[in-house]
Amino acid sequence: MASRLKLIVPAAKATPSPPIGPALGQRGIKSMDFCKQFNDRTKDFEQGVPIPVVITIKPDRTFTFINKTPPTSFLLKRAAGIEKGSSQAGHDLVGEVSLKHIYEIAVVKQRDEAMANLSLRNICSAIIGSAKSAGIKVVH
């Protein structure tokens with residue numbers, strides 16, 4: 001039976017050091033093989049952008065992986081020009097984004113398999129909720 005491993009890896013910067021090396025090594029996978037494939041697949045992304053990846057490891061120790069889009073929180077913080085979200089969500093505002101930013105993030109997130117069947121309106125609503133949780137104000 002195949003096992004799955006979920007990691008967040010910086011685009012085009014995968015190295016066999018922790019957390020990748022140990023996580024794959026204990027499952028019998030050569031981390032260098034994954035790193036080469038991942039870096040090649042993400043070479044057109046902006047370097048260092050966090051990319052969630054789901055690695056499927058088969059019993060014969062071969063693997064496949066799927067790249068997902070960057071986390072919503074990362075995209076929101078970048079759009080707002082902030083380093084981190086509010087420590088007191090709902091009380092402290094640390095930045096703001098426009099509805100145009102929300103829409104652009106929704107278009108990116110719609111590429112994820114889990115979001116493919118959702119309307120852009122529903123994805124936008126979820127992103128607005130994430131923005132509020134991070135202390136980011138959505139302006140019209």
# chains A, B, ... in the order shown; residues from 1 in each chain; ligands from 1
call {"tool": "select_by_dssp", "arguments": {"residues": "stretch 23-56 of chain A", "states": "strand (DSSP E)", "output": "ChimeraX atom specification"}}
result
/A:50-56
call {"tool": "write_last_selection", "arguments": {"atoms": "N, CA and C atoms", "output": "tab-separated table (two decimals), in the first residue's frame"}}
result
chain	number	residue	atom	x	y	z
A	50	PRO	N	6.96	29.19	-0.89
A	50	PRO	CA	6.64	27.88	-0.31
A	50	PRO	C	5.61	27.12	-1.16
A	51	ILE	N	5.98	25.90	-1.53
A	51	ILE	CA	5.11	25.08	-2.37
A	51	ILE	C	4.73	23.81	-1.59
A	52	PRO	N	3.45	23.65	-1.27
A	52	PRO	CA	3.03	22.38	-0.66
A	52	PRO	C	3.18	21.25	-1.69
A	53	VAL	N	3.69	20.14	-1.25
A	53	VAL	CA	3.87	19.00	-2.15
A	53	VAL	C	3.38	17.74	-1.44
A	54	VAL	N	2.67	16.90	-2.20
A	54	VAL	CA	2.19	15.61	-1.67
A	54	VAL	C	2.97	14.52	-2.40
A	55	ILE	N	3.76	13.76	-1.64
A	55	ILE	CA	4.60	12.71	-2.22
A	55	ILE	C	3.92	11.36	-1.93
A	56	THR	N	3.68	10.60	-2.98
A	56	THR	CA	3.12	9.26	-2.85
A	56	THR	C	4.25	8.26	-3.00
call {"tool": "residues_around", "arguments": {"residues": "stretch 41-46 of chain A", "least_positions_apart": "2", "cutoff": "9 Å", "atoms": "only C-alpha atoms", "output": "PDB file with N, CA and C atoms, in the first residue's frame"}}
result
ATOM      1  N   ALA A  11      10.251  26.794  -3.507  1.00  0.00           N
ATOM      2  CA  ALA A  11      10.369  26.558  -4.948  1.00  0.00           C
ATOM      3  C   ALA A  11      11.827  26.648  -5.394  1.00  0.00           C
ATOM      4  N   ALA A  12      12.237  25.652  -6.173  1.00  0.00           N
ATOM      5  CA  ALA A  12      13.571  25.577  -6.775  1.00  0.00           C
ATOM      6  C   ALA A  12      14.706  25.557  -5.757  1.00  0.00           C
ATOM      7  N   LYS A  13      14.405  25.300  -4.485  1.00  0.00           N
ATOM      8  CA  LYS A  13      15.443  25.299  -3.453  1.00  0.00           C
ATOM      9  C   LYS A  13      15.412  24.048  -2.579  1.00  0.00           C
ATOM     10  N   LYS A  36      16.096  16.860  -7.070  1.00  0.00           N
ATOM     11  CA  LYS A  36      16.372  17.196  -8.478  1.00  0.00           C
ATOM     12  C   LYS A  36      15.073  17.362  -9.257  1.00  0.00           C
ATOM     13  N   GLN A  37      14.148  16.407  -9.077  1.00  0.00           N
ATOM     14  CA  GLN A  37      12.869  16.472  -9.802  1.00  0.00           C
ATOM     15  C   GLN A  37      12.047  17.687  -9.377  1.00  0.00           C
ATOM     16  N   PHE A  38      11.985  17.935  -8.070  1.00  0.00           N
ATOM     17  CA  PHE A  38      11.208  19.061  -7.553  1.00  0.00           C
ATOM     18  C   PHE A  38      11.784  20.382  -8.049  1.00  0.00           C
ATOM     19  N   ASN A  39      13.096  20.554  -7.939  1.00  0.00           N
ATOM     20  CA  ASN A  39      13.731  21.806  -8.374  1.00  0.00           C
ATOM     21  C   ASN A  39      13.536  22.029  -9.869  1.00  0.00           C
ATOM     22  N   GLY A  48      12.099  30.366  -3.701  1.00  0.00           N
ATOM     23  CA  GLY A  48      11.810  30.483  -2.285  1.00  0.00           C
ATOM     24  C   GLY A  48      10.340  30.518  -1.915  1.00  0.00           C
ATOM     25  N   VAL A  49       9.444  30.629  -2.896  1.00  0.00           N
ATOM     26  CA  VAL A  49       8.003  30.623  -2.601  1.00  0.00           C
ATOM     27  C   VAL A  49       7.650  29.249  -2.030  1.00  0.00           C
ATOM     28  N   ILE A  51       5.979  25.899  -1.533  1.00  0.00           N
ATOM     29  CA  ILE A  51       5.112  25.076  -2.372  1.00  0.00           C
ATOM     30  C   ILE A  51       4.733  23.810  -1.595  1.00  0.00           C
ATOM     31  N   ASN A  67       2.625  18.994  -6.975  1.00  0.00           N
ATOM     32  CA  ASN A  67       2.818  20.342  -6.423  1.00  0.00           C
ATOM     33  C   ASN A  67       1.462  21.003  -6.300  1.00  0.00           C
TER      34      ASN A  67
END
call {"tool": "residues_around", "arguments": {"residues": "stretch 82-87 of chain A", "least_positions_apart": "6", "cutoff": "7 Å", "atoms": "only C-alpha atoms", "output": "PyMOL selection string"}}
result
chain A and resi 93-95+134-135
call {"tool": "closest_residue", "arguments": {"among": "A:Pro18, A:Pro10, A:Gly129, A:Gly90", "to": "A:Ser73", "atoms": "only C-alpha atoms"}}
result
A:Gly129
call {"tool": "atom_distance", "arguments": {"atom1": "atom CA of A:Arg27", "atom2": "atom CA of A:Ile57"}}
result
7.9 Å
call {"tool": "closest_residue", "arguments": {"among": "A:Gln26, A:Tyr103, A:Ile136, A:Lys58", "to": "A:Gly81", "atoms": "only C-alpha atoms"}}
result
A:Ile136
call {"tool": "residues_around", "arguments": {"residues": "A:Ala131", "least_positions_apart": "6", "cutoff": "8 Å", "atoms": "only C-alpha atoms", "output": "ChimeraX atom specification"}}
result
/A:73,76,137-138
call {"tool": "residues_around", "arguments": {"residues": "A:Ser98", "least_positions_apart": "4", "cutoff": "8 Å", "atoms": "only C-alpha atoms", "output": "list in words"}}
result
Ile102, Val138, Val139 and His140 of chain A
call {"tool": "closest_residue", "arguments": {"among": "A:Ile105, A:Gln110, A:Phe34, A:Asp92", "to": "A:Phe65", "atoms": "only C-alpha atoms"}}
result
A:Phe34
call {"tool": "select_by_dssp", "arguments": {"residues": "stretch 75-112 of chain A", "states": "helix (DSSP H, G or I)", "output": "MDAnalysis selection string"}}
result
chainID A and resid 75:80 99:109
call {"tool": "write_last_selection", "arguments": {"atoms": "N, CA, C and O atoms", "output": "tab-separated table (two decimals), in the first residue's frame"}}
result
chain	number	residue	atom	x	y	z
A	75	LEU	N	0.20	34.05	0.20
A	75	LEU	CA	-0.23	34.95	-0.87
A	75	LEU	C	-0.86	36.23	-0.31
A	75	LEU	O	-0.62	37.33	-0.82
A	76	LEU	N	-1.65	36.10	0.75
A	76	LEU	CA	-2.27	37.28	1.38
A	76	LEU	C	-1.22	38.20	1.99
A	76	LEU	O	-1.27	39.42	1.80
A	77	LYS	N	-0.27	37.62	2.73
A	77	LYS	CA	0.76	38.45	3.37
A	77	LYS	C	1.60	39.15	2.32
A	77	LYS	O	1.95	40.32	2.48
A	78	ARG	N	1.90	38.47	1.22
A	78	ARG	CA	2.69	39.10	0.15
A	78	ARG	C	1.90	40.22	-0.50
A	78	ARG	O	2.44	41.30	-0.76
A	79	ALA	N	0.61	40.01	-0.75
A	79	ALA	CA	-0.22	41.04	-1.37
A	79	ALA	C	-0.35	42.26	-0.45
A	79	ALA	O	-0.38	43.40	-0.92
A	80	ALA	N	-0.40	42.03	0.86
A	80	ALA	CA	-0.53	43.12	1.83
A	80	ALA	C	0.83	43.76	2.15
A	80	ALA	O	0.88	44.81	2.79
A	99	LEU	N	-10.05	43.97	-3.23
A	99	LEU	CA	-10.82	42.84	-3.79
A	99	LEU	C	-10.13	42.29	-5.03
A	99	LEU	O	-10.23	41.09	-5.33
A	100	LYS	N	-9.39	43.14	-5.74
A	100	LYS	CA	-8.63	42.68	-6.92
A	100	LYS	C	-7.58	41.65	-6.49
A	100	LYS	O	-7.40	40.63	-7.13
A	101	HIS	N	-6.89	41.92	-5.36
A	101	HIS	CA	-5.92	40.96	-4.83
A	101	HIS	C	-6.61	39.64	-4.50
A	101	HIS	O	-6.09	38.56	-4.78
A	102	ILE	N	-7.77	39.75	-3.84
A	102	ILE	CA	-8.52	38.55	-3.44
A	102	ILE	C	-8.86	37.72	-4.68
A	102	ILE	O	-8.67	36.50	-4.70
A	103	TYR	N	-9.34	38.38	-5.72
A	103	TYR	CA	-9.70	37.70	-6.97
A	103	TYR	C	-8.48	37.02	-7.59
A	103	TYR	O	-8.53	35.88	-8.02
A	104	GLU	N	-7.35	37.73	-7.63
A	104	GLU	CA	-6.13	37.17	-8.23
A	104	GLU	C	-5.65	35.95	-7.45
A	104	GLU	O	-5.21	34.96	-8.04
A	105	ILE	N	-5.74	35.99	-6.13
A	105	ILE	CA	-5.36	34.85	-5.31
A	105	ILE	C	-6.32	33.69	-5.58
A	105	ILE	O	-5.90	32.53	-5.68
A	106	ALA	N	-7.61	33.98	-5.72
A	106	ALA	CA	-8.60	32.95	-6.01
A	106	ALA	C	-8.32	32.25	-7.34
A	106	ALA	O	-8.45	31.02	-7.45
A	107	VAL	N	-7.90	33.02	-8.34
A	107	VAL	CA	-7.57	32.43	-9.64
A	107	VAL	C	-6.39	31.47	-9.50
A	107	VAL	O	-6.40	30.37	-10.06
A	108	VAL	N	-5.40	31.84	-8.70
A	108	VAL	CA	-4.25	30.97	-8.45
A	108	VAL	C	-4.69	29.72	-7.70
A	108	VAL	O	-4.35	28.59	-8.07
A	109	LYS	N	-5.49	29.89	-6.64
A	109	LYS	CA	-5.91	28.76	-5.80
A	109	LYS	C	-6.83	27.80	-6.55
A	109	LYS	O	-6.90	26.62	-6.22
call {"tool": "closest_residue", "arguments": {"among": "A:Gln88, A:Thr64, A:Ser119, A:Ser130", "to": "A:Arg4", "atoms": "only C-alpha atoms"}}
result
A:Thr64
call {"tool": "closest_residue", "arguments": {"among": "A:Lys30, A:Lys68, A:Lys132, A:Arg121", "to": "A:Val9", "atoms": "only C-alpha atoms"}}
result
A:Lys68
call {"tool": "atom_distance", "arguments": {"atom1": "atom CA of A:Phe63", "atom2": "atom CA of A:Asp33"}}
result
9.8 Å
call {"tool": "residues_around", "arguments": {"residues": "stretch 15-17 of chain A", "least_positions_apart": "3", "cutoff": "8 Å", "atoms": "only C-alpha atoms", "output": "mmCIF file with N, CA, C and O atoms, in the first residue's frame"}}
result
data_model
loop_
_atom_site.group_PDB
_atom_site.id
_atom_site.type_symbol
_atom_site.label_atom_id
_atom_site.label_comp_id
_atom_site.auth_asym_id
_atom_site.auth_seq_id
_atom_site.Cartn_x
_atom_site.Cartn_y
_atom_site.Cartn_z
ATOM 1 N N ILE A 20 13.382 17.531 4.439
ATOM 2 C CA ILE A 20 13.198 16.627 3.300
ATOM 3 C C ILE A 20 13.991 15.332 3.449
ATOM 4 O O ILE A 20 13.445 14.243 3.338
ATOM 5 N N GLY A 21 15.284 15.440 3.700
ATOM 6 C CA GLY A 21 16.161 14.267 3.773
ATOM 7 C C GLY A 21 15.680 13.218 4.758
ATOM 8 O O GLY A 21 15.445 12.061 4.381
ATOM 9 N N PRO A 22 15.529 13.584 6.042
ATOM 10 C CA PRO A 22 15.079 12.582 7.012
ATOM 11 C C PRO A 22 13.689 12.006 6.708
ATOM 12 O O PRO A 22 13.458 10.808 6.867
ATOM 13 N N SER A 31 16.644 11.154 -1.163
ATOM 14 C CA SER A 31 16.158 12.538 -1.148
ATOM 15 C C SER A 31 16.720 13.350 -2.308
ATOM 16 O O SER A 31 16.069 14.261 -2.800
ATOM 17 N N MET A 32 17.923 13.008 -2.768
ATOM 18 C CA MET A 32 18.516 13.751 -3.887
ATOM 19 C C MET A 32 17.678 13.584 -5.152
ATOM 20 O O MET A 32 17.530 14.525 -5.930
ATOM 21 N N CYS A 35 14.728 15.899 -4.774
ATOM 22 C CA CYS A 35 15.166 17.304 -4.858
ATOM 23 C C CYS A 35 15.416 17.728 -6.295
ATOM 24 O O CYS A 35 14.999 18.808 -6.710
#
